[in-house]
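Input: a single structure, listed below in structure tokens.
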Number of protein chains: 2
Amino acid sequence: MVTIGIDVGGTNLVAGVVDAQGRLLAKACAKTPRVTTPQPIIDVCVTLARRACHMAGVAESDVGAIGFGVPGSVDRASGGVVRCCNIPFVDVPLRQVVQAQWNVPVFVENDANAAALGEATVGSARGYRHVLLVTLGTGVGGGILIDGKIYGGHNHLGAELGHTVIVHNGRRCGCGRYGCWEAYASASALTRDTRAAMRRHRDSKLWQSAQSLERVNARTAFDAMRQGDAVATALVERYVDWLACGLTNIVNVLQPEVVCIGGGVSNEGDALLLPLAERVRQGDYNKTDDRVDIRKAALGNDAGVIGAALGCHS
Amino acid sequence: MVTIGIDVGGTNLVAGVVDAQGRLLAKACAKTPRVTTPQPIIDVCVTLARRACHMAGVAESDVGAIGFGVPGSVDRASGGVVRCCNIPFVDVPLRQVVQAQWNVPVFVENDANAAALGEATVGSARGYRHVLLVTLGTGVGGGILIDGKIYGGHNHLGAELGHTVIVHNGRRCGCGRYGCWEAYASASALTRDTRAAMRRHRDSKLWQSAQSLERVNARTAFDAMRQGDAVATALVERYVDWLACGLTNIVNVLQPEVVCIGGGVSNEGDALLLPLAERVRQGDYNKTDDRVDIRKAALGNDAGVIGAALGCHS
């Protein structure tokens with residue numbers, strides 16, 4: 001018996017076949033349709049799930065359950081989606097809609113929570129019970145495991161780590177608040193800040209690194225820093241400072257054993273993780289040796305699929 | 001069989017006799033000795049505990065356990081105190097020291113965590129399983145209950161809500177960080193801000209409210225606001241804004257069912273709680289009807305004693 005995990009993203013949809021040990025046997029991907037209703041997206045998800053079964057050589061009758069990871073608030077009890085920012089899933093009874101096409105148990109989880117479960121089961125937080133996952137992408141996503149279980153508050157609408165203010169009356173965030181961590185520490189924020197720095201510094205190596213403003217991404221500043229550019233170095237230092245500020249806040253509240261950093265920016269590895277860990281250490285209220293460990297998430301883009309599948313067992 | 005709860009504060013020590021239903025049968029108080037070693041403080045605690053037993057008409061042999069609530073980090077397993085800010089308890093094996101004088105089970109808990117347990121058992125959060133307690137005093141203290149149990153992270157050193165930055169590079173905090181919630185939202189911060197406003201505004205009603213700079217406290221601004229003073233009104237609005245900023249951050253992470261506000265400032269009642277709740281509602285990422293309830297802590301100064309006693313059963 002296998003489980004299907006489906007990672008529903010604003011850009012890509014991925015369905016994977018996962019065995020009981022959390023191994024990804026096969027996966028199928030497609031671009032997320034640009035639509036205003038949920039049904040076309042759900043249809044693609046089901047098609048991808050069937051394709052992944054075929055690729056893995058697994059009969060559809062061997063699928064024990066389907067788990068979804070969606071970028072928003074979910075109602076775990078009913079298997080519905082309450083609210084998403086980047087896809088048109090608002091008050092969608094996802095379980096019912098899917099079961100009309102494929103009658104197996106269907107579970108719905110927040111994508112970052114699912115990824116945290118994936119990292120704690122077969123990724124870089126394997127064996128840990130108190131885990132924080134932070135994804136640096138379009139936004140700053142968060143997943144919390146407490147004693148091995150996903151924690152999202154009594155209504156399962158919490159773990160919105162990105163929407164914690166670190167700069168009072170600061171940058172406007174998509175959520176409506178001003179100064180959210182997400183507005184400073186997401187990959188999108190770093191990309192925007194890099195473009196702004198390029199406009200101010202025409203002689204910076206940022207221009208060689210990116211070639212044009214349109215091609216700037218979260219890697220641009222790190223690349224130019226490695227070439228010794230002072231503007232890029234300052235940009236990265238400021239970014240790490242903001243990232244550490246919000247992360248230290250969460251550490252002082254939750255004191256997890258391990259923090260997994262995921263999303264595209266985490267590919268910078270030690271250039272990001274070493275100064276980040278040092279700054280969190282400085283601000284950590286806990287000065288004992290029993291301190292949080294900060295590491296790169298291991299599963300990369302597969303964390304969501306694997307975690308969504310594993311969520312069916314939890 | 002009864003339990004003794006001892007609330008160890010920087011200013012006062014209180015010991016109380018608590019029955020199995022969480023009722024406070026008697027309590028005895030004393031000023032905290034100004035000393036540099038823990039033993040004199042522990043001796044006073046034990047003396048107060050014996051006095052409270054006598055007042056309650058309870059034989060010492062009827063005491064089943066003693067619970068301490070201390071303003072700092074504790075090691076629950078060993079019953080020791082790791083670190084405190086306002087009393088000289090650093091690496092103190094409190095359980096062993098107390099048991100040398102009174103051989104019953106001894107439990108040691110953070111004071112705000114203990115108070116949260118008290119509020120959830122017999123106070124204003126009775127019947128709730130996911131509770132946040134925030135105390136506005138010298139600092140901003142925090143207690144977290146998740147599914148009815150005290151949560152302090154894997155090492156039990158978390159729930160340091162006051163040490164979450166809301167103003168990046170802001171006011172220096174006693175913990176070493178800059179811009180902590182505590183540096184803006186504690187009663188001490190409001191008192192300092194009130195003094196600063198009085199120096200700038202010699203004609204403000206704050207002067208009538210307090211009479212002199214030395215007599216200013218966290219009530220001064222609220223009193224002058226009630227007299228229609230514009231400076232005081234602005235001061236209170238700014239205070240509530242900061243308080244709401246940090247509280248909304250925690251709500252977006254933990255989504256508790258109820259937040260109990262304790263400490264001296266909570267005595268302002270609706271003048272504080274109504275605008276606070278409105279601002280938290282605005283910033284809450286959760287826009288469903290299943291929203292956190294913000295209320296005044298009910299047990300006042302007894303929460304610590306009752307919670308410390310109840311902690312012996314949990």
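By convention in this document, the chains of the structure tokens carry letters A, B, ... by their order, each chain's residues are numbered from 1, and ligands are numbered from 1 in the order they are shown.
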So which residues touch Ile150 in chain A within 9 Å, counting only C-alpha atoms, skipping near sequence neighbours fewer than 5 positions away, as a compact mmCIF listing (two decimals) with C-alpha atoms, in the first residue's frame?
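Output file around-v8.txt is given in full below:
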```
# COMPACT_ATOMS: atom_id res chain seq x y z
CA ASN A 113 3.44 21.98 7.98
CA ALA A 114 3.58 19.04 5.59
CA ALA A 116 8.10 20.02 8.36
CA LEU A 117 6.67 16.54 8.82
CA GLY A 143 5.80 24.62 9.90
CA ILE A 144 5.89 23.62 13.55
CA LEU A 145 6.20 20.14 15.00
CA GLY A 311 0.43 13.45 6.78
CA SER A 314 -0.40 11.13 11.35
```
Taking only C-alpha atoms into account, what are the residues of chain A at most 8 Å from chain B, put as a PyMOL selection string? chain A and resi 130+152-161+163-168+175-177+245-246+248-257+283+285-286+290
Would you export the selected residues with N, CA, C and O atoms as a tab-separated table (two decimals), in the first residue's frame, please?
```tsv
chain	number	residue	atom	x	y	z
A	130	HIS	N	10.80	18.17	18.16
A	130	HIS	CA	10.42	19.58	18.22
A	130	HIS	C	11.15	20.30	17.09
A	130	HIS	O	12.34	20.61	17.22
A	152	GLY	N	-0.60	23.74	14.77
A	152	GLY	CA	-1.07	24.96	14.10
A	152	GLY	C	-2.05	25.74	14.95
A	152	GLY	O	-2.84	26.51	14.43
A	153	GLY	N	-1.98	25.56	16.26
A	153	GLY	CA	-2.93	26.25	17.13
A	153	GLY	C	-4.22	25.47	17.25
A	153	GLY	O	-4.43	24.47	16.57
A	154	HIS	N	-5.09	25.95	18.14
A	154	HIS	CA	-6.31	25.19	18.43
A	154	HIS	C	-7.20	25.08	17.19
A	154	HIS	O	-7.93	24.12	17.01
A	155	ASN	N	-7.14	26.09	16.31
A	155	ASN	CA	-7.98	26.11	15.10
A	155	ASN	C	-7.18	25.70	13.86
A	155	ASN	O	-7.69	25.77	12.74
A	156	HIS	N	-5.91	25.33	14.08
A	156	HIS	CA	-5.02	24.93	13.00
A	156	HIS	C	-4.81	26.05	11.97
A	156	HIS	O	-4.55	25.78	10.79
A	157	LEU	N	-4.90	27.28	12.39
A	157	LEU	CA	-4.67	28.41	11.49
A	157	LEU	C	-3.40	29.17	11.87
A	157	LEU	O	-3.15	30.26	11.36
A	158	GLY	N	-2.62	28.62	12.77
A	158	GLY	CA	-1.40	29.30	13.23
A	158	GLY	C	-0.18	28.94	12.40
A	158	GLY	O	-0.29	28.59	11.23
A	159	ALA	N	0.99	29.01	13.04
A	159	ALA	CA	2.27	28.77	12.37
A	159	ALA	C	2.50	29.74	11.22
A	159	ALA	O	3.26	29.44	10.31
A	160	GLU	N	1.82	30.89	11.26
A	160	GLU	CA	2.03	31.91	10.23
A	160	GLU	C	3.25	32.75	10.62
A	160	GLU	O	3.15	33.95	10.89
A	161	LEU	N	4.40	32.09	10.61
A	161	LEU	CA	5.63	32.72	11.09
A	161	LEU	C	5.97	33.99	10.31
A	161	LEU	O	6.49	34.96	10.85
A	163	HIS	N	4.16	36.20	9.20
A	163	HIS	CA	3.33	37.36	9.53
A	163	HIS	C	3.48	37.77	10.98
A	163	HIS	O	2.52	38.00	11.70
A	164	THR	N	4.75	37.84	11.39
A	164	THR	CA	5.12	38.40	12.69
A	164	THR	C	5.94	39.65	12.40
A	164	THR	O	6.90	39.61	11.64
A	165	VAL	N	5.52	40.76	12.98
A	165	VAL	CA	6.17	42.05	12.71
A	165	VAL	C	7.53	42.12	13.40
A	165	VAL	O	7.64	41.86	14.60
A	166	ILE	N	8.56	42.46	12.63
A	166	ILE	CA	9.89	42.70	13.23
A	166	ILE	C	10.29	44.17	13.10
A	166	ILE	O	11.23	44.62	13.75
A	167	VAL	N	9.61	44.91	12.24
A	167	VAL	CA	9.90	46.35	12.07
A	167	VAL	C	8.56	47.08	12.24
A	167	VAL	O	7.76	47.16	11.30
A	168	HIS	N	8.32	47.57	13.43
A	168	HIS	CA	7.05	48.25	13.73
A	168	HIS	C	6.84	49.39	12.74
A	168	HIS	O	7.73	50.20	12.52
A	175	CYS	N	-0.35	40.70	3.82
A	175	CYS	CA	-1.40	40.32	4.77
A	175	CYS	C	-2.12	41.54	5.32
A	175	CYS	O	-3.13	41.40	6.02
A	176	GLY	N	-1.60	42.74	5.05
A	176	GLY	CA	-2.23	43.95	5.56
A	176	GLY	C	-1.48	44.61	6.71
A	176	GLY	O	-1.69	45.78	6.99
A	177	ARG	N	-0.59	43.86	7.38
A	177	ARG	CA	0.19	44.46	8.46
A	177	ARG	C	1.39	45.21	7.87
A	177	ARG	O	1.69	45.10	6.68
A	245	CYS	N	16.56	38.05	12.96
A	245	CYS	CA	15.69	38.74	13.92
A	245	CYS	C	14.38	37.98	14.10
A	245	CYS	O	13.98	37.64	15.22
A	246	GLY	N	13.71	37.68	12.99
A	246	GLY	CA	12.43	36.97	13.08
A	246	GLY	C	12.60	35.55	13.57
A	246	GLY	O	11.77	35.05	14.35
A	248	THR	N	14.99	34.37	15.57
A	248	THR	CA	15.29	34.39	17.01
A	248	THR	C	14.01	34.59	17.82
A	248	THR	O	13.82	33.99	18.88
A	249	ASN	N	13.12	35.44	17.32
A	249	ASN	CA	11.83	35.64	18.00
A	249	ASN	C	11.11	34.30	18.18
A	249	ASN	O	10.64	33.98	19.28
A	250	ILE	N	11.04	33.53	17.11
A	250	ILE	CA	10.32	32.25	17.17
A	250	ILE	C	11.04	31.28	18.10
A	250	ILE	O	10.42	30.55	18.87
A	251	VAL	N	12.37	31.29	18.02
A	251	VAL	CA	13.16	30.40	18.89
A	251	VAL	C	12.92	30.76	20.36
A	251	VAL	O	12.75	29.87	21.21
A	252	ASN	N	12.85	32.04	20.69
A	252	ASN	CA	12.62	32.43	22.08
A	252	ASN	C	11.24	32.03	22.59
A	252	ASN	O	11.04	31.88	23.79
A	253	VAL	N	10.30	31.87	21.67
A	253	VAL	CA	8.96	31.43	22.07
A	253	VAL	C	8.90	29.90	22.13
A	253	VAL	O	8.44	29.32	23.11
A	254	LEU	N	9.38	29.23	21.09
A	254	LEU	CA	9.14	27.79	20.94
A	254	LEU	C	10.30	26.89	21.35
A	254	LEU	O	10.10	25.72	21.61
A	255	GLN	N	11.53	27.42	21.36
A	255	GLN	CA	12.71	26.60	21.66
A	255	GLN	C	12.62	25.21	21.01
A	255	GLN	O	12.56	24.18	21.71
A	256	PRO	N	12.64	25.17	19.67
A	256	PRO	CA	12.68	23.86	19.01
A	256	PRO	C	14.08	23.25	19.14
A	256	PRO	O	15.02	23.95	19.49
A	257	GLU	N	14.17	21.94	18.87
A	257	GLU	CA	15.49	21.31	18.88
A	257	GLU	C	16.26	21.69	17.62
A	257	GLU	O	17.48	21.86	17.64
A	283	GLY	N	21.10	36.30	19.99
A	283	GLY	CA	19.82	36.82	20.48
A	283	GLY	C	19.00	35.80	21.26
A	283	GLY	O	18.00	36.17	21.88
A	285	TYR	N	17.50	33.80	24.03
A	285	TYR	CA	17.43	34.07	25.47
A	285	TYR	C	18.04	32.92	26.25
A	285	TYR	O	18.51	33.09	27.37
A	286	ASN	N	18.02	31.75	25.67
A	286	ASN	CA	18.59	30.55	26.28
A	286	ASN	C	20.10	30.54	26.08
A	286	ASN	O	20.59	30.40	24.96
A	290	ASP	N	22.23	23.72	25.62
A	290	ASP	CA	21.15	22.98	24.97
A	290	ASP	C	20.43	23.91	23.99
A	290	ASP	O	19.31	24.35	24.24
```
Mind checking which residues fall within 12 Å of Asp91 in chain A, counting only C-alpha atoms, ignoring those fewer than 4 positions away in the same chain, and posting them as a PDB file with C-alpha atoms, in the first residue's frame?
```
ATOM      1  CA  THR A  37     -11.832  28.646  -9.868  1.00  0.00           C
ATOM      2  CA  PRO A  38     -10.417  25.606  -8.065  1.00  0.00           C
ATOM      3  CA  GLY A  72      -2.818  28.463   3.001  1.00  0.00           C
ATOM      4  CA  SER A  73      -5.149  27.792   5.896  1.00  0.00           C
ATOM      5  CA  VAL A  74      -6.892  24.440   6.046  1.00  0.00           C
ATOM      6  CA  ASP A  75      -9.631  22.781   8.040  1.00  0.00           C
ATOM      7  CA  SER A  78     -13.375  18.520   7.156  1.00  0.00           C
ATOM      8  CA  GLY A  79     -10.471  18.253   4.697  1.00  0.00           C
ATOM      9  CA  GLY A  80     -11.240  21.681   3.301  1.00  0.00           C
ATOM     10  CA  VAL A  81      -9.198  24.730   2.360  1.00  0.00           C
ATOM     11  CA  VAL A  82     -10.130  27.925   4.210  1.00  0.00           C
ATOM     12  CA  ARG A  83      -7.967  30.536   2.522  1.00  0.00           C
ATOM     13  CA  CYS A  84      -4.996  30.702   0.143  1.00  0.00           C
ATOM     14  CA  ILE A  87      -4.246  30.151  -5.785  1.00  0.00           C
ATOM     15  CA  ARG A  95     -11.742  16.206   0.276  1.00  0.00           C
TER      16      ARG A  95
ATOM     17  CA  THR B 288     -12.415  33.266  10.306  1.00  0.00           C
TER      18      THR B 288
END
```
Can you tell me how far CA of Gly137 in chain B sits from CA of Arg219 in chain B, in Å to one decimal?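 That distance, rounded to one decimal, is 11.8 Å.
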Closest of B:Arg171, B:Arg126, B:Arg76, B:Arg295 to Ala189 in chain B - atom-to-atom distances counting only C-alpha atoms: B:Arg171
Test item: residues at most 9 Å from Val2 in chain A, only C-alpha atoms, excluding those fewer than 4 positions along its chain, as an MDAnalysis selection string: chainID A and resid 17:20 58 62:65 309
Range 39-49 of chain A surroundings by only C-alpha atoms, 10 Å radius, close-in-sequence under 6 positions cut, as a ChimeraX atom specification: /A:4-8,13-17,26-33,55,60,66,68,87-89,92,94,97-98,101-102
Could the residues in this selection be written to a file with C-alpha atoms, as an mmCIF file, in the first residue's frame?
```cif
data_model
loop_
_atom_site.group_PDB
_atom_site.id
_atom_site.type_symbol
_atom_site.label_atom_id
_atom_site.label_comp_id
_atom_site.auth_asym_id
_atom_site.auth_seq_id
_atom_site.Cartn_x
_atom_site.Cartn_y
_atom_site.Cartn_z
ATOM 1 C CA ILE A 4 -0.006 9.884 -2.787
ATOM 2 C CA GLY A 5 1.269 13.290 -1.767
ATOM 3 C CA ILE A 6 0.232 16.351 -3.766
ATOM 4 C CA ASP A 7 2.035 19.664 -3.348
ATOM 5 C CA VAL A 8 -0.203 22.474 -4.565
ATOM 6 C CA LEU A 13 1.671 21.224 -9.022
ATOM 7 C CA VAL A 14 3.494 18.029 -8.039
ATOM 8 C CA ALA A 15 2.042 14.618 -7.251
ATOM 9 C CA GLY A 16 4.202 11.787 -5.931
ATOM 10 C CA VAL A 17 3.829 8.168 -4.905
ATOM 11 C CA ALA A 26 7.789 8.537 -8.643
ATOM 12 C CA LYS A 27 6.494 12.025 -9.214
ATOM 13 C CA ALA A 28 4.720 13.975 -11.931
ATOM 14 C CA CYS A 29 4.648 17.772 -12.284
ATOM 15 C CA ALA A 30 2.776 20.443 -14.214
ATOM 16 C CA LYS A 31 2.436 24.215 -14.187
ATOM 17 C CA THR A 32 -0.432 25.466 -12.067
ATOM 18 C CA PRO A 33 -3.237 26.538 -14.426
ATOM 19 C CA MET A 55 5.304 5.830 -13.516
ATOM 20 C CA GLU A 60 -4.538 2.754 -8.376
ATOM 21 C CA ILE A 66 -4.135 10.976 -0.826
ATOM 22 C CA PHE A 68 -2.607 17.482 -0.102
ATOM 23 C CA ILE A 87 -4.246 30.151 -5.785
ATOM 24 C CA PRO A 88 -8.052 30.513 -5.968
ATOM 25 C CA PHE A 89 -8.771 28.088 -3.115
ATOM 26 C CA VAL A 92 -13.032 24.704 -1.006
ATOM 27 C CA LEU A 94 -11.192 19.656 -1.255
ATOM 28 C CA VAL A 97 -14.311 17.187 -4.568
ATOM 29 C CA VAL A 98 -11.394 14.760 -4.846
ATOM 30 C CA GLN A 101 -13.177 11.268 -8.580
ATOM 31 C CA TRP A 102 -11.097 8.907 -6.431
#
```
May I ask for the distance between CA of Ala271 in chain A and CA of Glu237 in chain A, given in Å to one decimal place?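 Taking CA of Ala271 in chain A and CA of Glu237 in chain A, their separation equals 10.3 Å.
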Would you please give, as a VMD selection string, all residues of range 125-308 of chain B that DSSP assigns to alpha helix (DSSP H) based on the backbone? chain B and resid 182 to 185 187 to 200 206 to 210 218 to 226 230 to 254 270 to 283 303 to 308
For the selection you just gave me, I'd like the residues written to a file as a PDB file, in the first residue's frame, keeping C-alpha atoms.
```pdb
ATOM      1  CA  GLU B 182       9.220  43.944  26.724  1.00  0.00           C
ATOM      2  CA  ALA B 183      11.070  47.234  26.183  1.00  0.00           C
ATOM      3  CA  TYR B 184       7.825  48.777  24.855  1.00  0.00           C
ATOM      4  CA  ALA B 185       4.907  46.922  26.420  1.00  0.00           C
ATOM      5  CA  ALA B 187       4.523  48.346  32.891  1.00  0.00           C
ATOM      6  CA  SER B 188       8.074  49.631  33.441  1.00  0.00           C
ATOM      7  CA  ALA B 189       8.281  50.798  29.823  1.00  0.00           C
ATOM      8  CA  LEU B 190       4.973  52.656  30.121  1.00  0.00           C
ATOM      9  CA  THR B 191       6.194  54.257  33.344  1.00  0.00           C
ATOM     10  CA  ARG B 192       9.434  55.406  31.686  1.00  0.00           C
ATOM     11  CA  ASP B 193       7.530  56.719  28.653  1.00  0.00           C
ATOM     12  CA  THR B 194       5.120  58.574  30.937  1.00  0.00           C
ATOM     13  CA  ARG B 195       8.015  60.308  32.719  1.00  0.00           C
ATOM     14  CA  ALA B 196       9.540  61.294  29.377  1.00  0.00           C
ATOM     15  CA  ALA B 197       6.202  62.741  28.206  1.00  0.00           C
ATOM     16  CA  MET B 198       5.866  64.718  31.450  1.00  0.00           C
ATOM     17  CA  ARG B 199       9.292  66.270  30.961  1.00  0.00           C
ATOM     18  CA  ARG B 200       8.259  67.359  27.467  1.00  0.00           C
ATOM     19  CA  LEU B 206      -0.116  63.724  33.734  1.00  0.00           C
ATOM     20  CA  TRP B 207       1.404  66.021  36.367  1.00  0.00           C
ATOM     21  CA  GLN B 208      -1.864  66.195  38.350  1.00  0.00           C
ATOM     22  CA  SER B 209      -2.271  62.466  37.980  1.00  0.00           C
ATOM     23  CA  ALA B 210       1.177  61.634  39.337  1.00  0.00           C
ATOM     24  CA  ALA B 218       1.776  52.509  34.803  1.00  0.00           C
ATOM     25  CA  ARG B 219      -1.582  53.885  35.975  1.00  0.00           C
ATOM     26  CA  THR B 220      -0.598  57.544  35.569  1.00  0.00           C
ATOM     27  CA  ALA B 221      -1.179  57.733  31.809  1.00  0.00           C
ATOM     28  CA  PHE B 222      -4.529  55.907  31.996  1.00  0.00           C
ATOM     29  CA  ASP B 223      -5.723  58.223  34.806  1.00  0.00           C
ATOM     30  CA  ALA B 224      -4.796  61.382  32.889  1.00  0.00           C
ATOM     31  CA  MET B 225      -6.410  59.958  29.736  1.00  0.00           C
ATOM     32  CA  ARG B 226      -9.657  59.540  31.652  1.00  0.00           C
ATOM     33  CA  ALA B 230      -4.374  64.678  24.956  1.00  0.00           C
ATOM     34  CA  VAL B 231      -0.751  63.830  25.775  1.00  0.00           C
ATOM     35  CA  ALA B 232      -1.860  60.943  27.994  1.00  0.00           C
ATOM     36  CA  THR B 233      -4.315  59.710  25.359  1.00  0.00           C
ATOM     37  CA  ALA B 234      -1.568  59.609  22.747  1.00  0.00           C
ATOM     38  CA  LEU B 235       0.719  57.861  25.213  1.00  0.00           C
ATOM     39  CA  VAL B 236      -1.841  55.140  25.939  1.00  0.00           C
ATOM     40  CA  GLU B 237      -2.666  54.698  22.251  1.00  0.00           C
ATOM     41  CA  ARG B 238       1.002  54.223  21.415  1.00  0.00           C
ATOM     42  CA  TYR B 239       1.386  51.786  24.306  1.00  0.00           C
ATOM     43  CA  VAL B 240      -1.612  49.725  23.168  1.00  0.00           C
ATOM     44  CA  ASP B 241      -0.249  49.746  19.615  1.00  0.00           C
ATOM     45  CA  TRP B 242       3.051  48.230  20.765  1.00  0.00           C
ATOM     46  CA  LEU B 243       1.315  45.784  23.060  1.00  0.00           C
ATOM     47  CA  ALA B 244      -0.967  44.665  20.215  1.00  0.00           C
ATOM     48  CA  CYS B 245       1.954  44.344  17.782  1.00  0.00           C
ATOM     49  CA  GLY B 246       3.793  41.785  19.898  1.00  0.00           C
ATOM     50  CA  LEU B 247       0.627  39.983  20.940  1.00  0.00           C
ATOM     51  CA  THR B 248      -0.584  39.655  17.345  1.00  0.00           C
ATOM     52  CA  ASN B 249       2.781  38.131  16.445  1.00  0.00           C
ATOM     53  CA  ILE B 250       2.327  35.418  19.053  1.00  0.00           C
ATOM     54  CA  VAL B 251      -1.308  34.868  18.037  1.00  0.00           C
ATOM     55  CA  ASN B 252      -0.269  34.384  14.400  1.00  0.00           C
ATOM     56  CA  VAL B 253       2.189  31.703  15.493  1.00  0.00           C
ATOM     57  CA  LEU B 254       0.249  29.893  18.222  1.00  0.00           C
ATOM     58  CA  ASP B 270     -11.727  47.678  29.134  1.00  0.00           C
ATOM     59  CA  ALA B 271      -9.713  50.883  28.642  1.00  0.00           C
ATOM     60  CA  LEU B 272      -6.858  48.538  27.799  1.00  0.00           C
ATOM     61  CA  LEU B 273      -8.586  45.368  26.617  1.00  0.00           C
ATOM     62  CA  LEU B 274     -11.080  46.760  24.089  1.00  0.00           C
ATOM     63  CA  PRO B 275      -8.605  48.706  21.912  1.00  0.00           C
ATOM     64  CA  LEU B 276      -6.084  45.875  22.336  1.00  0.00           C
ATOM     65  CA  ALA B 277      -8.563  43.272  21.091  1.00  0.00           C
ATOM     66  CA  GLU B 278      -9.534  45.467  18.141  1.00  0.00           C
ATOM     67  CA  ARG B 279      -5.931  45.914  17.046  1.00  0.00           C
ATOM     68  CA  VAL B 280      -5.128  42.223  17.414  1.00  0.00           C
ATOM     69  CA  ARG B 281      -8.244  41.418  15.363  1.00  0.00           C
ATOM     70  CA  GLN B 282      -6.956  43.710  12.586  1.00  0.00           C
ATOM     71  CA  GLY B 283      -3.539  42.055  12.445  1.00  0.00           C
ATOM     72  CA  ALA B 303      -2.266  33.147  39.964  1.00  0.00           C
ATOM     73  CA  GLY B 304       1.388  32.370  40.603  1.00  0.00           C
ATOM     74  CA  VAL B 305       0.783  30.692  43.963  1.00  0.00           C
ATOM     75  CA  ILE B 306      -2.224  28.686  42.772  1.00  0.00           C
ATOM     76  CA  GLY B 307      -0.499  27.735  39.515  1.00  0.00           C
ATOM     77  CA  ALA B 308       2.704  26.696  41.276  1.00  0.00           C
TER      78      ALA B 308
END
```
Report the residues of range 77-290 of chain B whose backbone DSSP state falls under strand (DSSP E), written as a ChimeraX atom specification. /B:80-84,106-110,131-136,140-146,149-150,258-262
Selection: 10 Å around Ala297 in chain B, only C-alpha atoms, excl. self and same-chain fewer than 4 positions, as a VMD selection string: chain B and resid 115 to 116 118 to 120 123 to 125 133 to 135 259 to 263 266 to 267 301 303
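Across the model, the gap from CA of Arg50 in chain A to CA of Asn86 in chain A is 24.8 Å.
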